[in-house]
Every structure is written in C-alpha cells, then in structure tokens.
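Novice: One structure, pasted below without further comment.
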Amino acid sequence: MAVREGDKIKSVLTGKVYEVKTFKDWVVVLEALDGSSQVWTEKGNLKLFYETVESKEAVKAARSPAIQKSLRSPSKVVLGFP
C-alpha cells in the first residue's frame, strides 16, 4: 500500500479511520479523525491491517456519533486474581 502524509486509511479490525501524520524511518504515526487517539505502527503493518479510504462517505461515516460512541465505550474486563 502506498500512502503519503495526509492520506486517510481505515483499520480493518476496528473500522476506525485515521490520517497518516508522519513517516519516520520504519515507523508511521496515525491520528484518529476524531482526535481521540494516535497509533504508532511499522510501515509493513499498513498493508496487513489498514485499507485506503477513497470516498468522502467513508470518512463522514467514521465521524458519525454512533460509530464514535461504539468505539469509545469501554469493554468490560474481568481479571481473576487468587
């Protein structure tokens, strides 16, 4: 996958849309469009876990309140300690 700074890509695992902020050696910094998070990943992971977002509808859907709420809601984690 060939991406440049400023391109929009979507995680195939979560559906969250990110903007490519910077490339540094083998590291890529991604920032969520809603500003809620940043991801540092290797360039090689882009072709495995992300896809380019071509349509403005996909970017608009990523900004919708329903999707943002579902991505921000904490998951319940239960830890068992002896």
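Quick note on naming: the chains in the structure tokens go A, B, ... in the order shown, residues restart at 1 in each chain, and ligands are numbered from 1 in order of appearance.
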Report as a PyMOL selection string all protein, DNA and RNA residues lying within 7 Å of Glu31 (chain A), evaluated on only C-alpha atoms, omitting residues in the same chain fewer than 2 positions from it.
Specialist: chain A and resi 18-21+29+33+35+37-39
Novice: Using only C-alpha atoms, which protein or nucleic acid residues come within 6 Å of Val12 (chain A)? Drop anything in the same chain fewer than 2 positions from it, and give the result as an mmCIF file with N, CA and C atoms, in the first residue's frame.
Specialist:
data_model
loop_
_atom_site.group_PDB
_atom_site.id
_atom_site.type_symbol
_atom_site.label_atom_id
_atom_site.label_comp_id
_atom_site.auth_asym_id
_atom_site.auth_seq_id
_atom_site.Cartn_x
_atom_site.Cartn_y
_atom_site.Cartn_z
ATOM 1 N N THR A 14 -10.995 -2.518 13.438
ATOM 2 C CA THR A 14 -11.947 -1.709 14.209
ATOM 3 C C THR A 14 -12.850 -0.845 13.353
ATOM 4 N N GLY A 15 -12.472 -0.589 12.109
ATOM 5 C CA GLY A 15 -13.253 0.288 11.254
ATOM 6 C C GLY A 15 -12.975 1.764 11.499
ATOM 7 N N PHE A 49 -3.164 -4.460 8.039
ATOM 8 C CA PHE A 49 -4.256 -4.096 8.946
ATOM 9 C C PHE A 49 -5.030 -2.846 8.560
ATOM 10 N N TYR A 50 -4.675 -2.206 7.440
ATOM 11 C CA TYR A 50 -5.341 -0.967 7.044
ATOM 12 C C TYR A 50 -5.672 -0.993 5.568
#
Novice: Where does DSSP see strand (DSSP E or B) in region 2-59 of chain A, if you list the residues as a PyMOL selection string?
Specialist: chain A and resi 8-11+17-24+27-32+38-42+50-52
Novice: Using N, CA and C atoms, can you export the residues from the last selection as an mmCIF file, in the first residue's frame?
Specialist:
data_model
loop_
_atom_site.group_PDB
_atom_site.id
_atom_site.type_symbol
_atom_site.label_atom_id
_atom_site.label_comp_id
_atom_site.auth_asym_id
_atom_site.auth_seq_id
_atom_site.Cartn_x
_atom_site.Cartn_y
_atom_site.Cartn_z
ATOM 1 N N LYS A 8 -5.990 9.268 4.216
ATOM 2 C CA LYS A 8 -6.906 8.663 5.186
ATOM 3 C C LYS A 8 -6.896 7.150 4.970
ATOM 4 N N ILE A 9 -6.726 6.413 6.068
ATOM 5 C CA ILE A 9 -6.770 4.952 5.999
ATOM 6 C C ILE A 9 -7.679 4.439 7.105
ATOM 7 N N LYS A 10 -8.236 3.253 6.886
ATOM 8 C CA LYS A 10 -9.183 2.673 7.833
ATOM 9 C C LYS A 10 -8.652 1.347 8.344
ATOM 10 N N SER A 11 -8.782 1.131 9.647
ATOM 11 C CA SER A 11 -8.375 -0.136 10.253
ATOM 12 C C SER A 11 -9.363 -1.213 9.855
ATOM 13 N N VAL A 17 -11.159 5.317 11.290
ATOM 14 C CA VAL A 17 -10.438 5.992 10.210
ATOM 15 C C VAL A 17 -9.356 6.885 10.815
ATOM 16 N N TYR A 18 -8.169 6.801 10.231
ATOM 17 C CA TYR A 18 -7.012 7.553 10.692
ATOM 18 C C TYR A 18 -6.452 8.397 9.556
ATOM 19 N N GLU A 19 -5.735 9.447 9.936
ATOM 20 C CA GLU A 19 -4.975 10.236 8.976
ATOM 21 C C GLU A 19 -3.503 9.929 9.202
ATOM 22 N N VAL A 20 -2.770 9.729 8.113
ATOM 23 C CA VAL A 20 -1.333 9.484 8.214
ATOM 24 C C VAL A 20 -0.666 10.819 8.542
ATOM 25 N N LYS A 21 -0.063 10.900 9.723
ATOM 26 C CA LYS A 21 0.556 12.146 10.166
ATOM 27 C C LYS A 21 2.002 12.266 9.725
ATOM 28 N N THR A 22 2.795 11.212 9.932
ATOM 29 C CA THR A 22 4.210 11.310 9.578
ATOM 30 C C THR A 22 4.828 9.928 9.378
ATOM 31 N N PHE A 23 5.888 9.908 8.583
ATOM 32 C CA PHE A 23 6.725 8.725 8.406
ATOM 33 C C PHE A 23 8.075 9.032 9.032
ATOM 34 N N LYS A 24 8.603 8.112 9.785
ATOM 35 C CA LYS A 24 9.913 8.296 10.392
ATOM 36 C C LYS A 24 10.633 6.948 10.312
ATOM 37 N N VAL A 27 8.711 3.703 10.986
ATOM 38 C CA VAL A 27 7.529 3.934 11.823
ATOM 39 C C VAL A 27 6.576 4.917 11.142
ATOM 40 N N VAL A 28 5.278 4.641 11.285
ATOM 41 C CA VAL A 28 4.237 5.519 10.774
ATOM 42 C C VAL A 28 3.385 5.960 11.955
ATOM 43 N N VAL A 29 3.065 7.249 12.011
ATOM 44 C CA VAL A 29 2.193 7.770 13.058
ATOM 45 C C VAL A 29 0.844 8.074 12.431
ATOM 46 N N LEU A 30 -0.203 7.481 13.007
ATOM 47 C CA LEU A 30 -1.573 7.683 12.544
ATOM 48 C C LEU A 30 -2.350 8.405 13.634
ATOM 49 N N GLU A 31 -3.233 9.319 13.243
ATOM 50 C CA GLU A 31 -4.081 10.011 14.206
ATOM 51 C C GLU A 31 -5.534 9.822 13.804
ATOM 52 N N ALA A 32 -6.365 9.440 14.783
ATOM 53 C CA ALA A 32 -7.790 9.240 14.526
ATOM 54 C C ALA A 32 -8.412 10.552 14.073
ATOM 55 N N GLN A 38 -3.883 8.164 18.883
ATOM 56 C CA GLN A 38 -2.819 8.058 17.896
ATOM 57 C C GLN A 38 -2.293 6.627 17.919
ATOM 58 N N VAL A 39 -1.784 6.192 16.778
ATOM 59 C CA VAL A 39 -1.217 4.850 16.655
ATOM 60 C C VAL A 39 0.155 4.974 16.015
ATOM 61 N N TRP A 40 1.125 4.323 16.616
ATOM 62 C CA TRP A 40 2.447 4.176 16.021
ATOM 63 C C TRP A 40 2.551 2.742 15.542
ATOM 64 N N THR A 41 2.898 2.546 14.281
ATOM 65 C CA THR A 41 2.995 1.201 13.737
ATOM 66 C C THR A 41 4.108 1.144 12.703
ATOM 67 N N GLU A 42 4.505 -0.052 12.337
ATOM 68 C CA GLU A 42 5.510 -0.239 11.296
ATOM 69 C C GLU A 42 4.868 -0.071 9.925
ATOM 70 N N TYR A 50 -4.675 -2.206 7.440
ATOM 71 C CA TYR A 50 -5.341 -0.967 7.044
ATOM 72 C C TYR A 50 -5.672 -0.993 5.568
ATOM 73 N N GLU A 51 -6.687 -0.209 5.190
ATOM 74 C CA GLU A 51 -7.040 -0.040 3.791
ATOM 75 C C GLU A 51 -7.272 1.447 3.535
ATOM 76 N N THR A 52 -7.013 1.868 2.307
ATOM 77 C CA THR A 52 -7.178 3.279 1.996
ATOM 78 C C THR A 52 -8.655 3.634 1.937
#
Novice: Quote the spacing between CA of Leu13 (chain A) and CA of Gly44 (chain A) in Å to one decimal place.
Specialist: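 Those two atoms sit 15.9 Å apart.
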